[in-house]
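Just below is one structure, and these are the notes that go with it.
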Amino acid sequence: MSALLGDMEPAEAESVYFNEYPPPKALPKHEALARAFIDLHVADNRRVVLVTSGGTTVPLEAQTVRFIDNFSAGTRGATSAEYFLQEGYAVIFLHRQYSLLPYSRHYSHSTNCFLDFMDEAAPAADSPNAHGSIQVRSEYQDEMRDVLRKYRYAKQNNRLLLLPFTTVAEYMFELRSLAKLMRPLGPNALFYLAAAVSDFFIPRHRMAEHKIQSSEIPANLENNSALDSEEIYTGENETQPPKNSKKLVVNLDPVPKFLHRLVDGWAPEGSMVVSFKLETDPSLLVYKARTALQRYSHHLVIGNLLSTRKWEVVFITPDPPHERWLRVPKARRSKSISGMEDQVGLAEIMKGKGEEHPSQMEENPPPGGLDHDGIEIESLIIPELVKLHEKMIQKNTPGQQ
Ligand code: 9Z3
């Protein structure tokens with residue numbers, strides 16, 4: 001296979017890509033779980049959203065020691081899943097293994113270590129040598145009770161299915177299978193593609209089987225087939241065995257854009273497909289999001305900048321208003337170490353209209369009932385999206401127009 005997958009027709013790229021890889025080992029099990037989950041919610045006429053979340057890895061070796069990864073911790077996906085559940089959706093959460101999960105995200109990873117929320121109570125007065133029971137610290141009781149109740153509700157009522165992936169190829173296989181399995185849902189299916197999917201990868205036929213060596217293999221091992229120097233992947237220099245080289249040149253192909261196939265082939269008739277567009281350059285965001293919507297003819301692109309993604313996003317739609325900004329009001333923005341708050345509004349100013357100020361800097365009112373100081377932007381995104389999905393369901397369900 002010498003042609004780039006990106007140069008092929010989407011259906012041809014699909015068959016070439018999927019024929020190159022063995023399906024993930026967990027796929028049959030995931031399919032069985034998903035089938036049962038979907039059947040249950042079809043029977044209840046419930047809406048089901050497939051949320052993708054977290055980054056994908058790009059292995060450099062088939063027996064993978066090293067891989068390329070990206071920044072995503074899965075905050076967007078895990079947080080959005082909670083708001084979808086709150087809106088009555090059942091959620092298939094296709095996530096990067098070990099990334100953040102709905103509900104447990106509040107108490108995981110190094111920033112929110114669950115141990116910091118706990119204490120050991122004083123032992124009972126009549127048995128001073130006994131151990132005290134482990135308790136949630138009083139200041140966290142209310143919040144944790146709330147999270148725990150929602151988590152248990154989702155679990156007991158079968159509303160949340162967690163399916164992990166690691167590599168970009170695994171992600172693709174899982175996405176294709178799940179989309180096809182979701183067909184009985186028809187317009188009740190929603191795709192919310194928040195995972196940060198790698199744009200570049202090493203095709204299987206060019207990938208080294210074994211760990212890439214950083215120095216020359218001794219002559220007495222040269223005939224050892226396990227260390228065949230021809231197999232050593234050195235990018236541009238791959239026809240030459242490395243000569244004690246410490247330099248590795250990695251040569252990546254573009255990952256085929258499977259959004260075409262999702263929209264035109266895999267996804268249920270009448271379902272809604274929402275993709276995300278991530279940029280770092282504010283002047284490009286709106287343009288790139290619009291281009292993606294035109295290219296794939298789906299229903300919504302949610303654009304976000306790496307630096308402001310926790311406080312603002314833009315909805316790009318085929319129907320008016322075409323561009324709609326959602327922003328967390330200044331006073332309710334959560335603090336973020338990596339974020340740059342002074343960039344909020346910049347992508348709207350710089351999109352080429354030549355505006356002095358963003359047109360819609362009036363801020364969306366906070367939703368009622370939240371007692372946190374900070375608002376999660378997903379609490380604005382999901383209700384807006386649900387309204388759009390509702391409209392589509394009405395349009396695409398026979399007898400409901
Ligand atoms: C996003 O844009 C997500 O919002 C983030 C969330 C990955 C920025 P975090 O995990 O970050 O909460 O820290 N996801 C989509 C990114 C992406 O790969 N989009 C593709 C593209 O931009 C299109 S499908 O080309």
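By order of appearance in the structure tokens: chains A, B, ..., then residues from 1 within every chain, and ligands from 1 in the order shown.
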
At most 12 Å is the cut-off: for each residue in region 109-166 of chain A with any atom that close to an atom of region 173-184 of chain A, write down the nearest atom pair and the distance in Å rounded to one decimal, counting only C-alpha atoms, chain first then increasing number, as JSON lines.
```
{"residue": "A:Leu161", "atom": "CA", "partner": "A:Leu178", "partner_atom": "CA", "distance": 11.7}
{"residue": "A:Leu163", "atom": "CA", "partner": "A:Glu174", "partner_atom": "CA", "distance": 8.8}
{"residue": "A:Pro164", "atom": "CA", "partner": "A:Glu174", "partner_atom": "CA", "distance": 9.1}
{"residue": "A:Phe165", "atom": "CA", "partner": "A:Glu174", "partner_atom": "CA", "distance": 7.9}
{"residue": "A:Thr166", "atom": "CA", "partner": "A:Glu174", "partner_atom": "CA", "distance": 10.7}
```

Expected selection as a CSV table (one decimal) with N, CA, C and O atoms, in the first residue's frame for ligand 1 within 6 Å, only C-alpha atoms and all ligand atoms:
```csv
chain,number,residue,atom,x,y,z
A,54,GLY,N,-11.1,11.8,25.6
A,54,GLY,CA,-9.6,11.6,25.8
A,54,GLY,C,-8.8,11.5,24.6
A,54,GLY,O,-9.3,11.6,23.4
A,72,SER,N,-5.0,15.6,26.0
A,72,SER,CA,-6.4,15.5,26.5
A,72,SER,C,-6.5,14.5,27.7
A,72,SER,O,-6.1,13.4,27.7
A,73,ALA,N,-7.1,15.0,28.8
A,73,ALA,CA,-7.3,14.2,30.0
A,73,ALA,C,-8.7,13.6,30.0
A,73,ALA,O,-9.1,12.9,30.9
A,74,GLY,N,-9.6,14.1,29.0
A,74,GLY,CA,-10.9,13.6,29.0
A,74,GLY,C,-11.9,14.4,29.8
A,74,GLY,O,-13.0,13.9,30.1
A,75,THR,N,-11.5,15.6,30.2
A,75,THR,CA,-12.4,16.4,31.0
A,75,THR,C,-13.7,16.8,30.3
A,75,THR,O,-14.8,16.6,30.8
A,76,ARG,N,-13.6,17.2,29.1
A,76,ARG,CA,-14.8,17.6,28.3
A,76,ARG,C,-15.7,16.4,28.2
A,76,ARG,O,-16.9,16.6,28.4
A,194,ALA,N,-15.9,14.1,21.2
A,194,ALA,CA,-15.0,15.1,21.9
A,194,ALA,C,-13.6,14.5,22.1
A,194,ALA,O,-12.7,15.2,22.6
A,195,ALA,N,-13.4,13.3,21.7
A,195,ALA,CA,-12.0,12.7,21.9
A,195,ALA,C,-11.0,13.5,21.0
A,195,ALA,O,-11.4,14.0,19.9
A,196,ALA,N,-9.8,13.6,21.5
A,196,ALA,CA,-8.8,14.3,20.7
A,196,ALA,C,-8.1,13.2,19.9
A,196,ALA,O,-7.1,12.5,20.4
A,197,VAL,N,-8.5,13.1,18.7
A,197,VAL,CA,-8.1,11.9,17.8
A,197,VAL,C,-6.8,12.4,17.1
A,197,VAL,O,-6.8,13.5,16.4
A,275,SER,N,-19.3,17.1,16.0
A,275,SER,CA,-17.8,16.9,16.1
A,275,SER,C,-17.3,18.2,16.8
A,275,SER,O,-17.9,19.2,16.8
A,276,PHE,N,-16.0,18.1,17.3
A,276,PHE,CA,-15.3,19.2,17.9
A,276,PHE,C,-14.2,19.6,17.0
A,276,PHE,O,-13.6,18.7,16.3
A,277,LYS,N,-13.9,20.9,17.0
A,277,LYS,CA,-12.7,21.3,16.3
A,277,LYS,C,-11.8,22.1,17.3
A,277,LYS,O,-12.3,23.0,18.0
A,278,LEU,N,-10.6,21.6,17.4
A,278,LEU,CA,-9.7,22.2,18.3
A,278,LEU,C,-8.6,23.0,17.6
A,278,LEU,O,-8.0,22.5,16.6
A,304,ASN,N,-13.4,25.0,19.7
A,304,ASN,CA,-12.8,25.5,20.9
A,304,ASN,C,-11.3,25.7,20.8
A,304,ASN,O,-10.6,25.1,20.0
A,306,LEU,N,-7.6,25.7,22.6
A,306,LEU,CA,-6.9,25.0,23.7
A,306,LEU,C,-6.8,25.9,24.9
A,306,LEU,O,-7.1,25.5,26.1
```

**Request:** List the neighbours of Ser379 (chain A) out to 8 Å using only C-alpha atoms; skip same-chain residues closer than 3 positions along the sequence, and give me the result as a ChimeraX atom specification.
**Result:** /A:80,83,367,375-376,382-383

Output for the residues just chosen: all heavy atoms as a JSON list (two decimals), in the first residue's frame:
```
[["chain", "number", "residue", "atom", "x", "y", "z"],
["A", 80, "SER", "N", -19.28, 16.27, 30.10],
["A", 80, "SER", "CA", -20.46, 16.29, 29.21],
["A", 80, "SER", "C", -21.34, 15.08, 29.47],
["A", 80, "SER", "O", -22.58, 15.19, 29.49],
["A", 80, "SER", "CB", -20.02, 16.29, 27.74],
["A", 80, "SER", "OG", -19.23, 17.42, 27.46],
["A", 83, "TYR", "N", -23.77, 15.68, 32.22],
["A", 83, "TYR", "CA", -24.91, 16.56, 31.87],
["A", 83, "TYR", "C", -25.88, 15.86, 30.92],
["A", 83, "TYR", "O", -27.08, 16.11, 30.97],
["A", 83, "TYR", "CB", -24.42, 17.90, 31.31],
["A", 83, "TYR", "CG", -23.78, 18.74, 32.40],
["A", 83, "TYR", "CD1", -22.40, 18.84, 32.53],
["A", 83, "TYR", "CD2", -24.58, 19.40, 33.34],
["A", 83, "TYR", "CE1", -21.82, 19.59, 33.55],
["A", 83, "TYR", "CE2", -24.01, 20.15, 34.37],
["A", 83, "TYR", "CZ", -22.64, 20.24, 34.47],
["A", 83, "TYR", "OH", -22.07, 20.96, 35.48],
["A", 367, "PRO", "N", -27.17, 28.61, 34.48],
["A", 367, "PRO", "CA", -28.36, 27.80, 34.69],
["A", 367, "PRO", "C", -28.71, 27.78, 36.17],
["A", 367, "PRO", "O", -27.83, 27.91, 37.01],
["A", 367, "PRO", "CB", -27.92, 26.40, 34.22],
["A", 367, "PRO", "CG", -26.43, 26.43, 34.24],
["A", 367, "PRO", "CD", -25.99, 27.84, 34.12],
["A", 375, "ILE", "N", -18.81, 27.69, 37.11],
["A", 375, "ILE", "CA", -19.72, 26.92, 36.27],
["A", 375, "ILE", "C", -18.90, 26.15, 35.26],
["A", 375, "ILE", "O", -17.96, 26.68, 34.67],
["A", 375, "ILE", "CB", -20.66, 27.86, 35.49],
["A", 375, "ILE", "CG1", -21.58, 28.60, 36.43],
["A", 375, "ILE", "CG2", -21.50, 27.08, 34.49],
["A", 375, "ILE", "CD1", -22.50, 29.52, 35.66],
["A", 376, "GLU", "N", -19.29, 24.92, 35.02],
["A", 376, "GLU", "CA", -18.64, 24.15, 33.97],
["A", 376, "GLU", "C", -19.32, 24.50, 32.64],
["A", 376, "GLU", "O", -20.55, 24.52, 32.55],
["A", 376, "GLU", "CB", -18.80, 22.66, 34.27],
["A", 376, "GLU", "CG", -18.03, 22.27, 35.51],
["A", 376, "GLU", "CD", -18.29, 20.85, 35.97],
["A", 376, "GLU", "OE1", -19.46, 20.41, 35.96],
["A", 376, "GLU", "OE2", -17.33, 20.18, 36.36],
["A", 382, "ILE", "N", -24.52, 21.36, 26.89],
["A", 382, "ILE", "CA", -25.42, 20.20, 26.72],
["A", 382, "ILE", "C", -26.88, 20.61, 26.57],
["A", 382, "ILE", "O", -27.55, 20.15, 25.63],
["A", 382, "ILE", "CB", -25.20, 19.15, 27.84],
["A", 382, "ILE", "CG1", -23.72, 18.73, 27.92],
["A", 382, "ILE", "CG2", -26.09, 17.92, 27.62],
["A", 382, "ILE", "CD1", -23.07, 18.28, 26.62],
["A", 383, "PRO", "N", -27.42, 21.51, 27.42],
["A", 383, "PRO", "CA", -28.82, 21.89, 27.20],
["A", 383, "PRO", "C", -29.07, 22.51, 25.82],
["A", 383, "PRO", "O", -30.10, 22.26, 25.20],
["A", 383, "PRO", "CB", -29.09, 22.91, 28.32],
["A", 383, "PRO", "CG", -28.10, 22.57, 29.38],
["A", 383, "PRO", "CD", -26.88, 22.09, 28.65]]
```

**Asked** Nearest to Glu378 (chain A): which of A:Ala34, A:Val313, A:Leu94, A:Ile337 is it, counting only C-alpha atoms?
**Response**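 Once distances to Glu378 (chain A) are computed over only C-alpha atoms, the minimum belongs to A:Val313.
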
**Message:** Calculated over only C-alpha atoms, which of the candidates A:Leu252, A:Val344, A:Leu388, A:Ile349 has the smallest distance to Pro318 (chain A)?
**Reply:**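 Closest candidate: A:Leu388.
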
**Request:** Name all residues at most 8 Å from Val301 (chain A) (count only C-alpha atoms; drop same-chain ones fewer than 4 positions away) and give them as a ChimeraX atom specification.
**Result:** /A:274-277,289-290,292-293,315-317

**Request:** Would you mind reading off the distance between CA of Gln141 (chain A) and CA of Leu100 (chain A), one decimal, in Å?
**Result:** 21.6 Å

**Item:** Spatial neighbours of Ser338 (chain A), max dist 12 Å, only C-alpha atoms, sep filter under 3 positions, as a ChimeraX atom specification
**Value:** /A:71,305-310,334-335,341

Would you write out those residues with all heavy atoms, as a PDB file, in the first residue's frame?
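Output file again08.pdb follows:
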```
ATOM      1  N   PHE A  71      -2.535  15.919  24.776  1.00  0.00           N
ATOM      2  CA  PHE A  71      -2.772  16.520  26.098  1.00  0.00           C
ATOM      3  C   PHE A  71      -4.068  16.074  26.766  1.00  0.00           C
ATOM      4  O   PHE A  71      -4.224  16.231  27.973  1.00  0.00           O
ATOM      5  CB  PHE A  71      -2.842  18.055  25.935  1.00  0.00           C
ATOM      6  CG  PHE A  71      -4.114  18.442  25.214  1.00  0.00           C
ATOM      7  CD1 PHE A  71      -5.242  18.794  25.934  1.00  0.00           C
ATOM      8  CD2 PHE A  71      -4.194  18.362  23.844  1.00  0.00           C
ATOM      9  CE1 PHE A  71      -6.430  19.074  25.277  1.00  0.00           C
ATOM     10  CE2 PHE A  71      -5.384  18.647  23.192  1.00  0.00           C
ATOM     11  CZ  PHE A  71      -6.494  19.000  23.901  1.00  0.00           C
ATOM     12  N   LEU A 305     -10.772  26.708  21.536  1.00  0.00           N
ATOM     13  CA  LEU A 305      -9.338  26.968  21.569  1.00  0.00           C
ATOM     14  C   LEU A 305      -8.748  26.254  22.768  1.00  0.00           C
ATOM     15  O   LEU A 305      -9.373  26.233  23.836  1.00  0.00           O
ATOM     16  CB  LEU A 305      -9.061  28.463  21.760  1.00  0.00           C
ATOM     17  CG  LEU A 305      -9.242  29.420  20.592  1.00  0.00           C
ATOM     18  CD1 LEU A 305      -8.858  30.831  21.059  1.00  0.00           C
ATOM     19  CD2 LEU A 305      -8.400  29.016  19.388  1.00  0.00           C
ATOM     20  N   LEU A 306      -7.550  25.730  22.581  1.00  0.00           N
ATOM     21  CA  LEU A 306      -6.889  25.046  23.695  1.00  0.00           C
ATOM     22  C   LEU A 306      -6.848  25.940  24.942  1.00  0.00           C
ATOM     23  O   LEU A 306      -7.120  25.505  26.060  1.00  0.00           O
ATOM     24  CB  LEU A 306      -5.466  24.667  23.267  1.00  0.00           C
ATOM     25  CG  LEU A 306      -4.675  23.830  24.251  1.00  0.00           C
ATOM     26  CD1 LEU A 306      -5.282  22.437  24.395  1.00  0.00           C
ATOM     27  CD2 LEU A 306      -3.214  23.706  23.815  1.00  0.00           C
ATOM     28  N   SER A 307      -6.549  27.231  24.729  1.00  0.00           N
ATOM     29  CA  SER A 307      -6.316  28.131  25.864  1.00  0.00           C
ATOM     30  C   SER A 307      -7.595  28.598  26.561  1.00  0.00           C
ATOM     31  O   SER A 307      -7.543  29.073  27.685  1.00  0.00           O
ATOM     32  CB  SER A 307      -5.538  29.356  25.386  1.00  0.00           C
ATOM     33  OG  SER A 307      -6.253  29.981  24.338  1.00  0.00           O
ATOM     34  N   THR A 308      -8.732  28.505  25.896  1.00  0.00           N
ATOM     35  CA  THR A 308      -9.970  29.050  26.491  1.00  0.00           C
ATOM     36  C   THR A 308     -11.083  28.003  26.537  1.00  0.00           C
ATOM     37  O   THR A 308     -12.244  28.345  26.767  1.00  0.00           O
ATOM     38  CB  THR A 308     -10.483  30.267  25.679  1.00  0.00           C
ATOM     39  OG1 THR A 308     -10.767  29.831  24.334  1.00  0.00           O
ATOM     40  CG2 THR A 308      -9.474  31.388  25.649  1.00  0.00           C
ATOM     41  N   ARG A 309     -10.742  26.732  26.316  1.00  0.00           N
ATOM     42  CA  ARG A 309     -11.787  25.731  26.103  1.00  0.00           C
ATOM     43  C   ARG A 309     -12.687  25.516  27.303  1.00  0.00           C
ATOM     44  O   ARG A 309     -13.796  25.012  27.165  1.00  0.00           O
ATOM     45  CB  ARG A 309     -11.170  24.397  25.655  1.00  0.00           C
ATOM     46  CG  ARG A 309     -10.343  23.681  26.723  1.00  0.00           C
ATOM     47  CD  ARG A 309      -9.598  22.522  26.098  1.00  0.00           C
ATOM     48  NE  ARG A 309      -8.949  21.645  27.048  1.00  0.00           N
ATOM     49  CZ  ARG A 309      -7.795  21.913  27.662  1.00  0.00           C
ATOM     50  NH1 ARG A 309      -7.178  23.060  27.439  1.00  0.00           N
ATOM     51  NH2 ARG A 309      -7.265  21.046  28.504  1.00  0.00           N
ATOM     52  N   LYS A 310     -12.221  25.909  28.484  1.00  0.00           N
ATOM     53  CA  LYS A 310     -13.066  25.708  29.671  1.00  0.00           C
ATOM     54  C   LYS A 310     -14.068  26.847  29.849  1.00  0.00           C
ATOM     55  O   LYS A 310     -14.954  26.765  30.706  1.00  0.00           O
ATOM     56  CB  LYS A 310     -12.199  25.595  30.916  1.00  0.00           C
ATOM     57  CG  LYS A 310     -11.217  24.440  30.843  1.00  0.00           C
ATOM     58  CD  LYS A 310     -10.924  23.841  32.185  1.00  0.00           C
ATOM     59  CE  LYS A 310      -9.798  22.847  32.133  1.00  0.00           C
ATOM     60  NZ  LYS A 310     -10.122  21.560  31.609  1.00  0.00           N
ATOM     61  N   SER A 334     -14.165  28.968  36.265  1.00  0.00           N
ATOM     62  CA  SER A 334     -13.270  28.202  37.138  1.00  0.00           C
ATOM     63  C   SER A 334     -11.840  28.604  36.821  1.00  0.00           C
ATOM     64  O   SER A 334     -11.538  29.029  35.709  1.00  0.00           O
ATOM     65  CB  SER A 334     -13.464  26.720  36.866  1.00  0.00           C
ATOM     66  OG  SER A 334     -13.208  26.478  35.492  1.00  0.00           O
ATOM     67  N   LYS A 335     -10.991  28.473  37.795  1.00  0.00           N
ATOM     68  CA  LYS A 335      -9.574  28.785  37.556  1.00  0.00           C
ATOM     69  C   LYS A 335      -8.947  27.608  36.812  1.00  0.00           C
ATOM     70  O   LYS A 335      -9.295  26.461  37.016  1.00  0.00           O
ATOM     71  CB  LYS A 335      -8.846  29.023  38.885  1.00  0.00           C
ATOM     72  CG  LYS A 335      -9.348  30.269  39.601  1.00  0.00           C
ATOM     73  CD  LYS A 335      -8.949  31.559  38.867  1.00  0.00           C
ATOM     74  CE  LYS A 335      -9.914  32.709  39.128  1.00  0.00           C
ATOM     75  NZ  LYS A 335     -10.797  33.090  38.027  1.00  0.00           N
ATOM     76  N   GLU A 341      -7.077  33.304  30.331  1.00  0.00           N
ATOM     77  CA  GLU A 341      -8.381  33.955  30.365  1.00  0.00           C
ATOM     78  C   GLU A 341      -8.425  35.202  29.495  1.00  0.00           C
ATOM     79  O   GLU A 341      -9.473  35.558  28.962  1.00  0.00           O
ATOM     80  CB  GLU A 341      -8.732  34.284  31.822  1.00  0.00           C
ATOM     81  CG  GLU A 341     -10.212  34.085  32.069  1.00  0.00           C
ATOM     82  CD  GLU A 341     -10.665  34.531  33.446  1.00  0.00           C
ATOM     83  OE1 GLU A 341      -9.915  34.292  34.405  1.00  0.00           O
ATOM     84  OE2 GLU A 341     -11.760  35.106  33.524  1.00  0.00           O
TER      85      GLU A 341
END
```
